[in-house]
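Structure file protein_32.cif (mmCIF, C-alpha atoms) follows.
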data_query
loop_
_atom_site.label_atom_id
_atom_site.label_comp_id
_atom_site.auth_asym_id
_atom_site.auth_seq_id
_atom_site.Cartn_x
_atom_site.Cartn_y
_atom_site.Cartn_z
CA MET L 987 154.77 120.48 186.01
CA ASN L 988 156.77 123.31 184.44
CA LYS L 989 160.47 123.86 184.92
CA LYS L 990 163.24 126.17 183.82
CA ILE L 991 166.62 124.52 183.20
CA ILE L 992 169.83 126.58 183.13
CA ASP L 993 172.78 125.16 181.20
CA PHE L 994 175.78 126.45 183.14
CA GLU L 995 178.26 124.88 180.72
CA ALA L 996 176.65 126.95 177.95
CA LEU L 997 176.87 130.05 180.15
CA GLU L 998 180.56 129.50 180.78
CA SER L 999 181.15 128.88 177.09
CA ASN L 1000 179.42 132.16 176.19
CA LEU L 1001 181.50 133.95 178.82
CA GLU L 1002 184.77 132.85 177.22
CA LYS L 1003 184.65 135.36 174.36
CA TYR L 1004 184.73 138.23 176.87
CA LYS L 1005 187.69 136.98 178.90
CA GLY L 1006 190.16 139.43 177.32
CA LYS L 1007 188.42 142.29 179.16
CA LYS L 1008 187.01 142.92 182.60
CA ILE L 1009 183.37 141.84 182.63
CA CYS L 1010 180.26 143.36 184.12
CA ALA L 1011 177.68 140.59 183.85
CA MET L 1012 174.24 142.14 183.50
CA VAL L 1013 171.83 140.35 185.82
CA LYS L 1014 168.99 142.86 185.79
CA ALA L 1015 165.39 141.63 185.43
CA ASN L 1016 166.24 138.43 187.31
CA ALA L 1017 169.22 137.82 185.02
CA TYR L 1018 167.08 138.27 181.91
CA GLY L 1019 164.61 135.74 183.31
CA HIS L 1020 167.27 133.10 184.00
CA GLY L 1021 167.35 133.49 187.79
CA ALA L 1022 169.57 136.12 189.41
CA ARG L 1023 170.67 134.03 192.39
CA GLU L 1024 171.64 131.01 190.30
CA ILE L 1025 173.46 133.07 187.67
CA THR L 1026 175.36 135.28 190.13
CA ASN L 1027 176.38 132.29 192.26
CA PHE L 1028 177.88 130.66 189.18
CA LEU L 1029 179.61 133.84 187.91
CA GLU L 1030 180.77 135.11 191.31
CA ASP L 1031 184.45 134.30 190.73
CA LYS L 1032 184.38 134.75 186.95
CA VAL L 1033 183.48 138.44 186.50
CA GLU L 1034 184.45 141.79 188.03
CA TYR L 1035 180.99 143.34 188.39
CA PHE L 1036 177.32 142.46 188.35
CA GLY L 1037 175.09 144.98 186.59
CA VAL L 1038 171.50 145.81 187.53
CA SER L 1039 168.97 148.52 186.71
CA SER L 1040 167.77 149.68 190.13
CA LEU L 1041 168.62 150.00 193.80
CA LYS L 1042 166.08 147.29 194.61
CA GLU L 1043 167.77 144.84 192.24
CA ALA L 1044 171.18 145.78 193.62
CA GLU L 1045 170.01 145.12 197.19
CA GLU L 1046 168.74 141.71 196.14
CA ILE L 1047 172.08 140.78 194.57
CA ARG L 1048 173.98 142.18 197.57
CA SER L 1049 172.02 139.82 199.85
CA PHE L 1050 173.88 136.85 198.36
CA SER L 1051 176.97 138.32 196.66
CA ASP L 1052 180.00 140.29 197.79
CA LYS L 1053 180.95 141.15 194.22
CA LYS L 1054 181.02 144.75 193.04
CA ILE L 1055 177.56 145.77 191.81
CA LEU L 1056 176.87 148.51 189.28
CA ILE L 1057 173.46 150.13 189.08
CA ALA L 1058 173.56 150.95 185.38
CA SER L 1059 171.01 153.75 185.76
CA PRO L 1060 170.76 156.82 187.99
CA CYS L 1061 169.78 155.49 191.45
CA TYR L 1062 168.55 158.70 193.19
CA ASN L 1063 169.43 157.30 196.63
CA ILE L 1064 173.08 158.01 197.16
CA SER L 1065 173.01 157.36 200.90
CA GLU L 1066 171.75 153.79 200.46
CA CYS L 1067 174.29 153.12 197.73
CA LYS L 1068 177.08 154.29 200.00
CA LYS L 1069 175.74 152.26 202.92
CA LYS L 1070 175.62 149.04 200.87
CA HIS L 1071 178.71 149.92 198.80
CA LEU L 1072 176.91 149.88 195.45
CA ASP L 1073 178.41 151.54 192.38
CA PHE L 1074 175.99 153.68 190.37
CA ILE L 1075 175.60 155.93 187.34
CA VAL L 1076 175.56 159.71 187.66
CA ASP L 1077 174.56 162.02 184.82
CA ASN L 1078 173.98 165.40 186.43
CA PHE L 1079 176.02 167.89 188.45
CA ASP L 1080 173.69 168.08 191.43
CA GLU L 1081 174.23 164.39 192.18
CA LEU L 1082 177.95 164.67 191.50
CA GLU L 1083 178.19 167.42 194.10
CA GLU L 1084 176.12 165.39 196.57
CA CYS L 1085 178.45 162.42 196.06
CA ARG L 1086 181.48 164.64 196.65
CA LYS L 1087 180.00 165.96 199.88
CA LYS L 1088 179.11 162.44 201.05
CA ASN L 1089 182.60 161.23 200.17
CA CYS L 1090 181.49 158.41 197.87
CA LEU L 1091 182.93 159.38 194.49
CA ASP L 1092 184.69 156.01 194.51
CA LEU L 1093 181.26 154.51 193.69
CA VAL L 1094 180.40 156.95 190.89
CA HIS L 1095 180.43 156.08 187.19
CA ILE L 1096 179.94 159.03 184.85
CA LYS L 1097 177.66 158.26 181.91
CA ILE L 1098 178.23 160.01 178.58
CA ASN L 1099 175.33 160.22 176.15
CA THR L 1100 176.72 159.61 172.66
CA GLY L 1101 173.42 159.02 170.87
CA MET L 1102 171.32 156.58 172.88
CA ASN L 1103 169.61 159.58 174.53
CA ARG L 1104 168.62 157.57 177.57
CA PHE L 1105 171.01 158.66 180.32
CA GLY L 1106 174.24 160.62 180.38
CA PHE L 1107 175.93 163.98 180.06
CA ASP L 1108 175.46 165.17 176.48
CA CYS L 1109 178.67 164.65 174.51
CA ASP L 1110 177.92 167.66 172.29
CA ASP L 1111 177.27 170.15 175.09
CA LYS L 1112 180.52 172.12 175.29
CA LYS L 1113 179.52 174.05 178.40
CA THR L 1114 178.70 170.82 180.22
CA LEU L 1115 181.92 169.14 179.13
CA LYS L 1116 184.05 172.07 180.29
CA LYS L 1117 182.39 171.95 183.70
CA LEU L 1118 182.85 168.19 183.78
CA ARG L 1119 186.54 168.50 182.90
CA LEU L 1120 187.04 170.84 185.83
CA PHE L 1121 185.33 168.30 188.08
CA PHE L 1122 187.64 165.53 186.81
CA LYS L 1123 190.65 167.73 187.42
CA GLU L 1124 189.77 168.08 191.09
CA ASN L 1125 188.12 164.72 191.81
CA GLN L 1126 188.49 161.00 191.16
CA VAL L 1127 185.55 158.80 190.19
CA ALA L 1128 185.21 155.04 189.65
CA GLY L 1129 184.29 154.93 186.00
CA LEU L 1130 183.37 156.52 182.70
CA SER L 1131 180.89 154.84 180.37
CA THR L 1132 178.55 155.00 177.43
CA HIS L 1133 175.97 152.72 175.82
CA PHE L 1134 175.55 151.95 172.13
CA SER L 1135 172.11 152.13 170.55
CA ASN L 1136 172.57 149.66 167.70
CA LEU L 1137 175.70 147.53 167.57
CA LYS L 1138 174.50 145.93 164.33
CA ASP L 1139 175.04 149.30 162.65
CA ARG L 1140 178.82 149.59 162.41
CA LYS L 1141 178.81 153.13 161.04
CA LEU L 1142 176.59 154.41 163.86
CA THR L 1143 178.50 152.46 166.51
CA ILE L 1144 181.88 153.75 165.36
CA SER L 1145 180.46 157.28 165.30
CA GLN L 1146 179.26 156.90 168.90
CA TYR L 1147 182.59 155.48 170.01
CA THR L 1148 184.49 158.30 168.30
CA LYS L 1149 182.39 160.82 170.23
CA PHE L 1150 182.99 158.98 173.48
CA LEU L 1151 186.72 158.76 172.88
CA LYS L 1152 186.86 162.47 172.16
CA VAL L 1153 185.07 163.21 175.45
CA LYS L 1154 187.35 160.82 177.37
CA LYS L 1155 190.45 162.59 176.07
CA PHE L 1156 188.97 166.01 176.73
CA LEU L 1157 188.19 165.08 180.34
CA HIS L 1158 191.62 163.50 180.90
CA ALA L 1159 189.65 160.70 182.55
CA ASP L 1160 191.83 158.32 184.55
CA CYS L 1161 189.32 155.69 185.67
CA LEU L 1162 187.63 152.47 184.62
CA VAL L 1163 186.28 152.85 181.07
CA HIS L 1164 183.38 150.55 180.24
CA LEU L 1165 181.04 150.07 177.31
CA GLY L 1166 177.69 148.31 176.76
CA GLY L 1167 176.45 145.95 175.32
CA SER L 1168 177.56 142.43 174.50
CA ASN L 1169 178.53 142.86 170.83
CA VAL L 1170 181.07 145.57 171.65
CA ILE L 1171 183.46 142.62 171.69
CA ASN L 1172 183.23 142.55 167.88
CA TYR L 1173 184.81 146.00 167.61
CA ASN L 1174 188.44 146.99 168.01
CA PHE L 1175 187.71 149.60 170.66
CA ASP L 1176 189.92 150.66 173.57
CA TYR L 1177 188.20 150.11 176.93
CA ASP L 1178 188.68 148.32 180.24
CA MET L 1179 185.37 146.55 180.83
CA ILE L 1180 182.41 145.32 178.80
CA ARG L 1181 178.88 145.25 180.16
CA ALA L 1182 177.70 141.93 178.75
CA GLY L 1183 174.01 141.06 178.75
CA LEU L 1184 172.22 139.01 176.12
CA GLY L 1185 175.52 137.65 174.80
CA LEU L 1186 175.89 135.69 178.03
CA TYR L 1187 172.47 134.08 177.73
CA LEU L 1188 172.14 133.66 173.97
CA GLY L 1189 175.67 133.75 172.63
CA ASP L 1190 177.05 130.78 170.75
CA LYS L 1191 174.92 128.61 173.03
CA ARG L 1192 171.49 129.09 174.57
CA VAL L 1193 171.44 128.96 178.36
CA MET L 1194 167.72 128.67 179.22
CA ARG L 1195 165.38 125.81 178.41
CA ILE L 1196 161.67 125.71 179.34
CA TYR L 1197 159.96 122.36 179.88
CA SER L 1198 156.46 121.22 180.73
CA LYS L 1199 154.53 117.92 180.59
CA ILE L 1200 151.43 116.65 178.84
CA MET L 1201 148.56 116.83 181.35
CA GLU L 1202 145.81 115.42 179.13
CA ILE L 1203 145.24 114.09 175.60
CA ARG L 1204 141.98 114.48 173.71
CA ASP L 1205 140.95 112.73 170.47
CA LEU L 1206 138.56 114.83 168.41
CA THR L 1207 136.90 114.44 165.02
CA SER L 1208 135.12 117.79 164.77
CA GLY L 1209 134.42 121.03 166.59
CA ASN L 1210 136.41 124.07 167.63
CA VAL L 1211 139.17 124.36 170.20
CA GLY L 1212 139.74 126.90 172.94
CA TYR L 1213 138.51 130.46 173.44
CA GLU L 1214 136.64 131.84 170.42
CA GLY L 1215 137.13 128.52 168.64
CA LYS L 1216 140.28 129.72 166.89
CA PHE L 1217 141.27 126.17 165.84
CA ASN L 1218 138.72 124.27 163.77
CA ILE L 1219 138.78 120.45 163.74
CA THR L 1220 137.98 119.09 160.25
CA LYS L 1221 139.62 115.66 160.49
CA PRO L 1222 140.59 113.19 163.25
CA THR L 1223 142.93 115.16 165.50
CA ARG L 1224 144.81 114.37 168.68
CA LEU L 1225 145.41 117.29 171.01
CA ALA L 1226 147.71 117.45 174.02
CA LEU L 1227 146.94 119.92 176.80
CA ILE L 1228 150.10 121.50 178.23
CA PRO L 1229 149.87 123.37 181.59
CA ILE L 1230 151.69 126.52 180.53
CA GLY L 1231 150.01 129.70 179.34
CA TYR L 1232 150.40 133.43 178.98
CA ALA L 1233 150.52 133.93 182.76
CA ASP L 1234 153.73 131.86 182.69
CA GLY L 1235 155.28 133.74 179.77
CA LEU L 1236 153.87 131.78 176.82
CA LEU L 1237 152.12 134.70 175.17
CA ARG L 1238 149.16 134.33 172.85
CA SER L 1239 151.36 135.30 169.92
CA TYR L 1240 153.19 131.97 170.36
CA SER L 1241 150.24 130.15 168.75
CA GLY L 1242 151.62 128.39 165.66
CA CYS L 1243 155.09 127.99 167.15
CA LYS L 1244 156.37 124.46 167.63
CA VAL L 1245 157.22 122.57 170.80
CA LEU L 1246 159.26 119.39 170.97
CA ILE L 1247 157.70 116.14 172.19
CA ASN L 1248 159.66 112.87 172.04
CA GLY L 1249 161.97 114.34 169.42
CA GLU L 1250 159.14 115.54 167.17
CA GLU L 1251 158.08 119.12 166.46
CA CYS L 1252 154.41 119.78 167.24
CA PRO L 1253 152.52 123.05 166.63
CA ILE L 1254 150.69 125.03 169.29
CA VAL L 1255 147.14 125.48 168.00
CA GLY L 1256 144.18 127.63 168.95
CA ARG L 1257 144.26 130.51 171.39
CA ILE L 1258 146.72 130.14 174.26
CA CYS L 1259 144.95 130.31 177.63
CA MET L 1260 146.15 131.88 180.86
CA ASP L 1261 147.15 128.49 182.27
CA LEU L 1262 147.56 126.12 179.33
CA CYS L 1263 147.91 125.65 175.61
CA PHE L 1264 146.83 123.12 173.00
CA VAL L 1265 149.35 121.18 170.94
CA ASP L 1266 148.54 119.08 167.87
CA VAL L 1267 150.12 115.65 168.45
CA THR L 1268 148.15 113.78 165.78
CA ASN L 1269 151.28 112.37 164.17
CA VAL L 1270 153.34 111.85 167.33
CA CYS L 1271 153.52 108.87 169.65
CA CYS L 1272 153.05 110.34 173.12
CA GLU L 1273 151.12 109.97 176.36
CA VAL L 1274 150.15 111.87 179.47
CA GLY L 1275 153.25 112.78 181.48
CA ASP L 1276 155.62 113.00 178.51
CA GLU L 1277 158.04 115.94 178.58
CA VAL L 1278 157.50 118.97 176.35
CA GLU L 1279 160.27 121.42 175.45
CA VAL L 1280 158.39 124.68 175.06
CA LEU L 1281 161.06 127.07 173.75
CA HIS L 1282 162.33 124.54 171.25
CA ASN L 1283 163.48 126.93 168.52
CA ILE L 1284 163.82 130.47 169.85
CA PHE L 1285 164.65 131.84 166.40
CA GLU L 1286 161.39 130.49 165.01
CA VAL L 1287 159.60 132.09 167.96
CA MET L 1288 161.31 135.41 167.27
CA LYS L 1289 160.34 135.30 163.59
CA ARG L 1290 156.72 134.31 164.20
CA THR L 1291 155.99 136.55 167.18
CA LYS L 1292 158.20 139.54 166.24
CA LEU L 1293 159.51 139.46 169.82
CA THR L 1294 163.15 140.02 170.77
CA PRO L 1295 165.10 137.51 172.89
CA TYR L 1296 164.97 140.04 175.74
CA GLU L 1297 161.18 139.94 175.73
CA ILE L 1298 160.99 136.18 175.29
CA PHE L 1299 163.35 135.41 178.17
CA THR L 1300 162.05 137.98 180.66
CA ASN L 1301 158.44 136.97 180.03
CA PHE L 1302 159.28 133.65 181.69
CA ASN L 1303 160.12 135.40 184.95
CA ASN L 1304 156.61 134.41 186.02
CA LEU L 1305 156.87 130.72 185.12
CA ARG L 1306 154.83 128.65 187.56
CA VAL L 1307 156.43 125.35 188.48
#

Can the structure from this file be put into C-alpha cells for me?
Amino acid sequence: MNKKIIDFEALESNLEKYKGKKICAMVKANAYGHGAREITNFLEDKVEYFGVSSLKEAEEIRSFSDKKILIASPCYNISECKKKHLDFIVDNFDELEECRKKNCLDLVHIKINTGMNRFGFDCDDKKTLKKLRLFFKENQVAGLSTHFSNLKDRKLTISQYTKFLKVKKFLHADCLVHLGGSNVINYNFDYDMIRAGLGLYLGDKRVMRIYSKIMEIRDLTSGNVGYEGKFNITKPTRLALIPIGYADGLLRSYSGCKVLINGEECPIVGRICMDLCFVDVTNVCCEVGDEVEVLHNIFEVMKRTKLTPYEIFTNFNNLRV
C-alpha cells in the first residue's frame, strides 16, 4: 500500500544549475534513498560520473551502467577497481605506489584534506606535499579533489578553497579538478567538475514523494491510542490507520508532523508503530483506501524532528510497498 514516486522532471530541473561544469552525480546510499537504478538510468547521458561511497555500491552501479564511476572514499581493493574500471580516491603513499605498480593511475583521484578531516593528504603537511609533488612530476593521475565541511559558512569555505588552490599550484597538477558538494555552484571557484548530491534531490524542486493509503478508520470518544497511550482521546475523534511505520522510515520522532489527505493537512498522533501510524482525520472527509502523502512538508519534518534531509531521505530506503 506504500509507494515511492520519483519526479524525473524535478530531477532534470535541479540538474540544470550544474550544467556549466562536468557533473559527478552522487548516487551513494541508493541515490540518497531515491533508487540508484532509476536515478542512474535517467542521468546516464546527462552527467560525466556517478559517485558512490564503497566498492560494493560501485559494483552495483556498474551492473547497469557503463558510465564512469567514482568511489569517493578510499576503496582498499585496487585490483577489483582496476578489473571493473572504477575510479577511486587515494590518500596515502602506499596505495599510490601500489596503483603505480599495477598500472592503474588513470583511475586514481588524489584527495586533499583542507579541513574536513575525513580523508585526504593533509594540506598543511609540507613534507607530504613535497613528496606528493615529486610523484606528480613523474606520474599522471585522473583527478585532484577536496570536500568542503560547511558550504553555508562562506568564510570557512573560501579558506578551504584557498588552501586547496595553493596545493594544486604547488603540485603542478594537470588533471581533473573536482569539488564537493552541491552548493559549490554558488561560489566563483575554478574547477572542472562538481560532485553534486543533495542539490539534485532537494534543489529548487523536491524529487521524492512518499505515499500510503488509509487501511482503517476508527471513531473514538475516549481512551488512549497506541503504545503507552501517548495520545489521549478527550472528545469525539476520528483516527485513520496508515500502514507505514518506523521500519519503513517513518521514525517515531515524526509524531506531530502532518500528512496530506484529500488536500487537507492531518497530524500524526500517538506513538508511531513499527508497521503503522495514527492520523487524526476528525475534520477531514475521507474513507478507507484514500491516498495519503506522508512526506507532505519536508521542511516542517526537518524542524520538528531535527533531522537533516539526508537522514529523512535515506531512512526510506527500507520502505515496504

Picked residues, the PyMOL selection byres ((chain L and resi 1040) around 9), as a list of chain:residue names: L:Lys1014, L:Val1038, L:Ser1039, L:Leu1041, L:Lys1042, L:Glu1043, L:Ala1044, L:Glu1045, L:Ile1057, L:Ala1058, L:Ser1059, L:Pro1060, L:Cys1061

With distances taken over all atoms listed in the file, which residue among L:Phe1122, L:Lys1117, L:Gly1209, L:Arg1224 lies nearest L:Lys1155? L:Phe1122

Could you expand the PyMOL selection byres ((chain L and resi 1188) around 10) into the explicit residues it covers here, written as a PyMOL selection string? chain L and resi 996-997+1000+1183-1187+1189-1194+1284+1295-1296+1299

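Within the 6 Å cut-off around L:Ile1228, using all atoms listed in the file and omitting residues fewer than 2 positions from it on the same chain, the listed residues are Ile1200, Met1201, Ile1230, Leu1262 and Cys1263 of chain L.
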
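Atom CA of L:Arg1023 sits 19.1 Å away from atom CA of L:Asp1073.
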
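By chain and then residue number, the residues within 12 Å of L:Gly1235 are Asn988, Lys990, Gly1019, Ile1196, Pro1229, Ile1230, Gly1231, Tyr1232, Arg1238, Ser1239, Tyr1240, Ile1258, Cys1259, Met1260, Asp1261, Leu1262, Cys1263, Val1280, Leu1281, Glu1297, Ile1298, Phe1299, Thr1300, Asn1301, Phe1302, Asn1303, Asn1304, Leu1305 and Arg1306 of chain L, counting only C-alpha atoms and disregarding those fewer than 3 positions away in sequence.
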
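Using all atoms listed in the file, the protein and nucleic acid residues lying at most 8 Å from the point (178.9, 158.4, 187.7) are Phe1074, Ile1075, Val1076, Asp1077, Leu1082, Leu1091, Leu1093, Val1094, His1095, Ile1096, Lys1097, Val1127, Ala1128, Gly1129 and Leu1130 of chain L.
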
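Reported to one decimal place, the separation of atom CA of L:Cys1109 from atom CA of L:Cys1090 is 24.3 Å.
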
For the file shown, report as a ChimeraX atom specification the outcome of the PyMOL selection byres ((chain L and resi 1110-1112) around 12) at residue level. /L:1098-1101,1103,1106-1109,1113-1119,1146,1149-1150,1152-1153,1156-1157

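With distances taken over all atoms listed in the file, L:Asp1176 is the one residue among L:Glu1124, L:Asp1176, L:Asp1266, L:Asp1092 lying closest to L:Ile1144.
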
The residues within 7 Å of (158.4, 108.3, 167.3), using all atoms listed in the file and the coordinates of the file, should be reported as a ChimeraX atom specification; which are they? /L:1248,1270-1271
